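Raw target00.txt, compact mmCIF, C-alpha atoms:
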```
# COMPACT_ATOMS: atom_id res chain seq x y z
CA MET P 966 -146.76 53.77 98.14
CA LYS P 967 -146.20 57.46 99.06
CA ILE P 968 -145.65 58.30 95.40
CA ILE P 969 -148.93 56.65 94.40
CA LEU P 970 -150.83 58.40 97.20
CA THR P 971 -149.28 61.76 96.28
CA PHE P 972 -150.14 61.19 92.63
CA LEU P 973 -153.78 60.35 93.49
CA VAL P 974 -154.11 63.46 95.67
CA LEU P 975 -152.71 65.62 92.85
CA VAL P 976 -155.12 64.08 90.33
CA LEU P 977 -158.01 64.71 92.71
CA LEU P 978 -156.99 68.33 93.28
CA ILE P 979 -156.54 68.98 89.56
CA SER P 980 -159.91 67.44 88.72
CA CYS P 981 -161.63 69.48 91.45
CA GLN P 982 -159.97 72.66 90.21
CA SER P 983 -161.06 72.11 86.61
CA LYS P 984 -164.58 71.27 87.79
CA VAL P 985 -164.83 74.56 89.67
CA GLU P 986 -163.54 76.51 86.69
CA THR P 987 -165.98 74.75 84.35
CA ASN P 988 -168.95 75.41 86.61
CA THR P 989 -168.23 79.11 87.05
CA SER P 990 -167.52 79.73 83.37
CA ASP P 991 -170.69 77.90 82.25
CA VAL P 992 -172.98 80.22 84.21
CA ALA P 993 -174.82 82.41 81.72
CA ALA P 994 -177.36 85.14 82.23
CA SER P 995 -180.98 84.17 81.58
CA PRO P 996 -182.39 85.63 78.39
CA SER P 997 -184.64 88.66 78.82
CA LYS P 998 -188.42 88.23 78.60
CA ALA P 999 -188.33 90.00 75.23
CA GLN P 1000 -185.70 87.53 73.97
CA GLN P 1001 -187.70 84.57 75.32
CA ILE P 1002 -190.82 85.84 73.52
CA THR P 1003 -188.86 86.33 70.28
CA ASP P 1004 -187.31 82.84 70.53
CA LEU P 1005 -190.61 81.11 71.32
CA LYS P 1006 -192.40 82.81 68.41
CA ALA P 1007 -189.49 82.06 66.06
CA ASN P 1008 -189.78 78.37 67.01
CA GLY P 1009 -193.53 78.31 66.29
CA PHE P 1010 -194.85 78.29 69.87
CA GLU P 1011 -198.22 79.90 70.53
CA ILE P 1012 -197.86 82.40 73.37
CA PHE P 1013 -199.20 85.59 74.85
CA ASP P 1014 -197.75 87.77 77.57
CA TYR P 1015 -198.98 90.28 80.10
CA TYR P 1016 -197.58 92.39 82.89
CA ASP P 1017 -198.53 91.16 86.38
CA ASN P 1018 -198.61 94.05 88.86
CA ASP P 1019 -198.51 91.67 91.85
CA ILE P 1020 -195.13 90.21 90.92
CA GLN P 1021 -193.96 93.29 88.99
CA ASP P 1022 -192.89 91.23 85.99
CA THR P 1023 -194.02 90.06 82.58
CA VAL P 1024 -195.65 86.63 82.52
CA ILE P 1025 -195.32 84.58 79.36
CA MET P 1026 -198.20 82.17 78.82
CA GLN P 1027 -197.47 79.26 76.49
CA LYS P 1028 -199.72 76.64 74.96
CA TYR P 1029 -198.60 73.15 76.01
CA PHE P 1030 -200.32 69.89 75.08
CA LEU P 1031 -201.72 67.58 77.73
CA ALA P 1032 -201.88 64.00 76.49
CA PHE P 1033 -204.30 61.76 78.36
CA LEU P 1034 -203.17 58.15 77.98
CA ASN P 1035 -206.38 56.15 78.18
CA THR P 1036 -207.06 52.42 78.35
CA GLY P 1037 -206.88 51.06 74.82
CA PRO P 1038 -208.87 48.30 73.11
CA ASN P 1039 -205.96 45.83 72.88
CA ARG P 1040 -205.03 44.69 76.39
CA ALA P 1041 -205.03 40.94 75.82
CA GLN P 1042 -201.24 40.57 75.74
CA SER P 1043 -199.51 37.96 77.86
CA GLU P 1044 -197.98 39.16 81.12
CA ASP P 1045 -194.49 39.03 79.58
CA GLU P 1046 -195.55 40.90 76.46
CA ALA P 1047 -197.38 43.55 78.54
CA ALA P 1048 -194.27 43.99 80.69
CA GLU P 1049 -192.12 44.47 77.57
CA ILE P 1050 -194.57 47.05 76.19
CA GLN P 1051 -194.52 48.86 79.55
CA LYS P 1052 -190.72 48.87 79.51
CA GLY P 1053 -190.79 50.46 76.04
CA HIS P 1054 -193.44 52.93 77.20
CA ARG P 1055 -191.26 54.11 80.10
CA ALA P 1056 -188.21 54.34 77.83
CA HIS P 1057 -190.20 56.42 75.34
CA LEU P 1058 -191.36 58.83 78.05
CA GLY P 1059 -187.80 59.12 79.38
CA ARG P 1060 -186.55 59.92 75.88
CA MET P 1061 -189.26 62.57 75.41
CA TYR P 1062 -188.18 64.21 78.68
CA GLU P 1063 -184.45 64.04 77.84
CA LEU P 1064 -185.06 65.58 74.41
CA GLY P 1065 -187.09 68.40 75.97
CA TYR P 1066 -190.40 67.46 74.33
CA ALA P 1067 -192.15 66.40 77.55
CA ASP P 1068 -192.05 68.35 80.78
CA ILE P 1069 -193.86 65.95 83.07
CA SER P 1070 -195.54 62.58 82.82
CA GLY P 1071 -196.83 59.90 85.10
CA PRO P 1072 -199.63 57.53 86.02
CA LEU P 1073 -203.00 58.98 86.90
CA GLU P 1074 -205.31 57.58 89.54
CA ASP P 1075 -208.69 57.23 87.86
CA ASN P 1076 -211.54 55.49 89.70
CA LEU P 1077 -213.20 54.70 86.37
CA GLY P 1078 -210.08 53.00 85.01
CA ILE P 1079 -210.19 55.04 81.82
CA THR P 1080 -207.18 57.34 82.04
CA GLN P 1081 -203.94 55.55 82.84
CA GLY P 1082 -201.56 58.51 82.74
CA ILE P 1083 -200.72 61.95 81.42
CA THR P 1084 -197.84 63.64 79.66
CA ILE P 1085 -197.42 67.38 79.16
CA TYR P 1086 -195.73 68.04 75.83
CA ASN P 1087 -193.68 71.22 75.38
CA VAL P 1088 -193.89 71.45 71.60
CA PRO P 1089 -195.10 74.13 69.15
CA ASN P 1090 -198.33 72.50 67.98
CA LEU P 1091 -200.86 69.70 68.32
CA ALA P 1092 -199.56 67.84 65.26
CA THR P 1093 -196.09 67.56 66.81
CA ALA P 1094 -197.47 66.39 70.16
CA ASP P 1095 -199.67 63.85 68.39
CA SER P 1096 -196.81 62.47 66.28
CA LEU P 1097 -194.54 62.13 69.33
CA VAL P 1098 -197.12 60.41 71.51
CA ARG P 1099 -197.89 57.95 68.70
CA LEU P 1100 -194.25 56.77 68.82
CA ASP P 1101 -195.01 55.27 72.26
CA PRO P 1102 -194.96 51.44 72.09
CA ALA P 1103 -198.01 51.27 74.40
CA VAL P 1104 -199.97 53.44 71.96
CA GLN P 1105 -198.67 51.54 68.93
CA SER P 1106 -199.74 48.23 70.49
CA GLY P 1107 -203.23 49.50 71.31
CA ARG P 1108 -202.79 49.12 75.09
CA LEU P 1109 -203.26 52.89 75.31
CA VAL P 1110 -205.13 55.43 73.21
CA VAL P 1111 -204.51 59.16 73.34
CA ASP P 1112 -206.65 62.24 73.85
CA ILE P 1113 -204.67 65.50 73.60
CA LYS P 1114 -205.92 68.82 74.95
CA PRO P 1115 -204.27 72.27 74.79
CA LEU P 1116 -203.09 73.59 78.16
CA TRP P 1117 -202.11 77.21 78.76
CA ALA P 1118 -199.52 77.67 81.50
CA GLY P 1119 -197.02 80.26 82.61
CA LYS P 1120 -193.64 79.66 80.94
CA GLY P 1121 -191.00 78.67 83.47
CA PHE P 1122 -193.34 78.34 86.44
CA ALA P 1123 -192.31 75.49 88.74
CA LEU P 1124 -194.59 72.65 89.77
CA ARG P 1125 -195.25 72.84 93.49
```
Whole structure given in structure tokens:
Amino acid sequence: MKIILTFLVLVLLISCQSKVETNTSDVAASPSKAQQITDLKANGFEIFDYYDNDIQDTVIMQKYFLAFLNTGPNRAQSEDEAAEIQKGHRAHLGRMYELGYADISGPLEDNLGITQGITIYNVPNLATADSLVRLDPAVQSGRLVVDIKPLWAGKGFALR
């Protein structure tokens, strides 16, 4: 029993040690603003930048794409079928976030019942945003239709 306990403690210590080493070695310096601008332009993103005297730094403004997910014409599915479409819709949005194409998405409270939700796409152009949003099972089924608008926002600014 003592041998097993000693072995487990050693394994735990070794795994903690390698975790610490991995975390400290993976820390990399953030790219400079100039490098960020170069990279964004090279990847086809539409941007502009300016120097903000208040924060004493360069602000990079990037064009994102705000997809309004509106009530579609085909909402006559059974409860089970609608639930399955919704499950696919959530999976699609999760995939878009994991792949880095979508920065935020969620339901929208709309008193008129027109807009069901929004997604902000972090992609180079409208055509890419449109093609990605049309992969959504809720859009494909007609439960939702999409209206995409350009949105300029500061690159890297946090949602508060």
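Here CA of Thr1003 in chain P is placed at a distance of 11.3 Å from CA of Ile1025 in chain P.
Using all atoms listed in the file, the nearest neighbour of Ala1118 in chain P within the list P:Gln1027, P:Asn1008, P:Ser1043, P:Gln1051 is P:Gln1027.
The spacing separating CA of Leu1058 in chain P from CA of Ser995 in chain P amounts to 27.6 Å.
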Using all atoms listed in the file, which residues of range 1013-1047 of chain P come within 7 Å of range 1069-1088 of chain P, and what is the closest atom pair for each, with the distance in Å to one decimal? Give it as a tab-separated table, sorted by chain and residue number.
```
residue	atom	partner	partner_atom	distance
P:Tyr1029	CA	P:Asn1087	CA	5.3
P:Phe1030	CA	P:Tyr1086	CA	5.0
P:Leu1031	CA	P:Ile1085	CA	4.5
P:Ala1032	CA	P:Thr1084	CA	5.1
P:Phe1033	CA	P:Ile1083	CA	4.7
P:Leu1034	CA	P:Gly1082	CA	5.0
P:Asn1035	CA	P:Thr1080	CA	4.1
P:Thr1036	CA	P:Ile1079	CA	5.4
```
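Residue nearest Leu1097 in chain P within the list P:Pro996, P:Gly1065, P:Pro1115, P:Gly1121: P:Gly1065 [criterion: smallest interatomic distance, only C-alpha atoms].
Distances from P:Ala1067, P:Leu1124, P:Ala1092, P:Ala1047 to Leu1109 in chain P were compared using all atoms listed in the file, and the smallest one belongs to P:Ala1047.
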Would you compute the distance between CA of Gly1119 in chain P and CA of Phe1010 in chain P? Give it in Å to one decimal. 13.1 Å
Need to verify the contact set: Ser1096 in chain P, 12 Å, all atoms listed in the file, exclusion of same-chain residues closer than 3 positions in sequence. Can you return it as a PyMOL selection string? chain P and resi 1032+1061+1066+1086+1088+1090-1093+1099-1101+1104-1105+1111+1113
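Considering the residues P:Val1110, P:Ala994, P:Met1026, P:Phe1122 and counting only C-alpha atoms, Lys1006 in chain P has its shortest atom-to-atom contact with P:Met1026.
Restricting the calculation to only C-alpha atoms, the smallest distance between Pro1038 in chain P and any of P:Val1024, P:Ala1103, P:Ala1123, P:Leu1116 is found for P:Ala1103.
Comparing the minimum interatomic distances between Glu1046 in chain P and each of P:Arg1125, P:Arg1108, P:Leu1005, P:Asp1017, counting all atoms listed in the file, we find that P:Arg1108 sits nearest.
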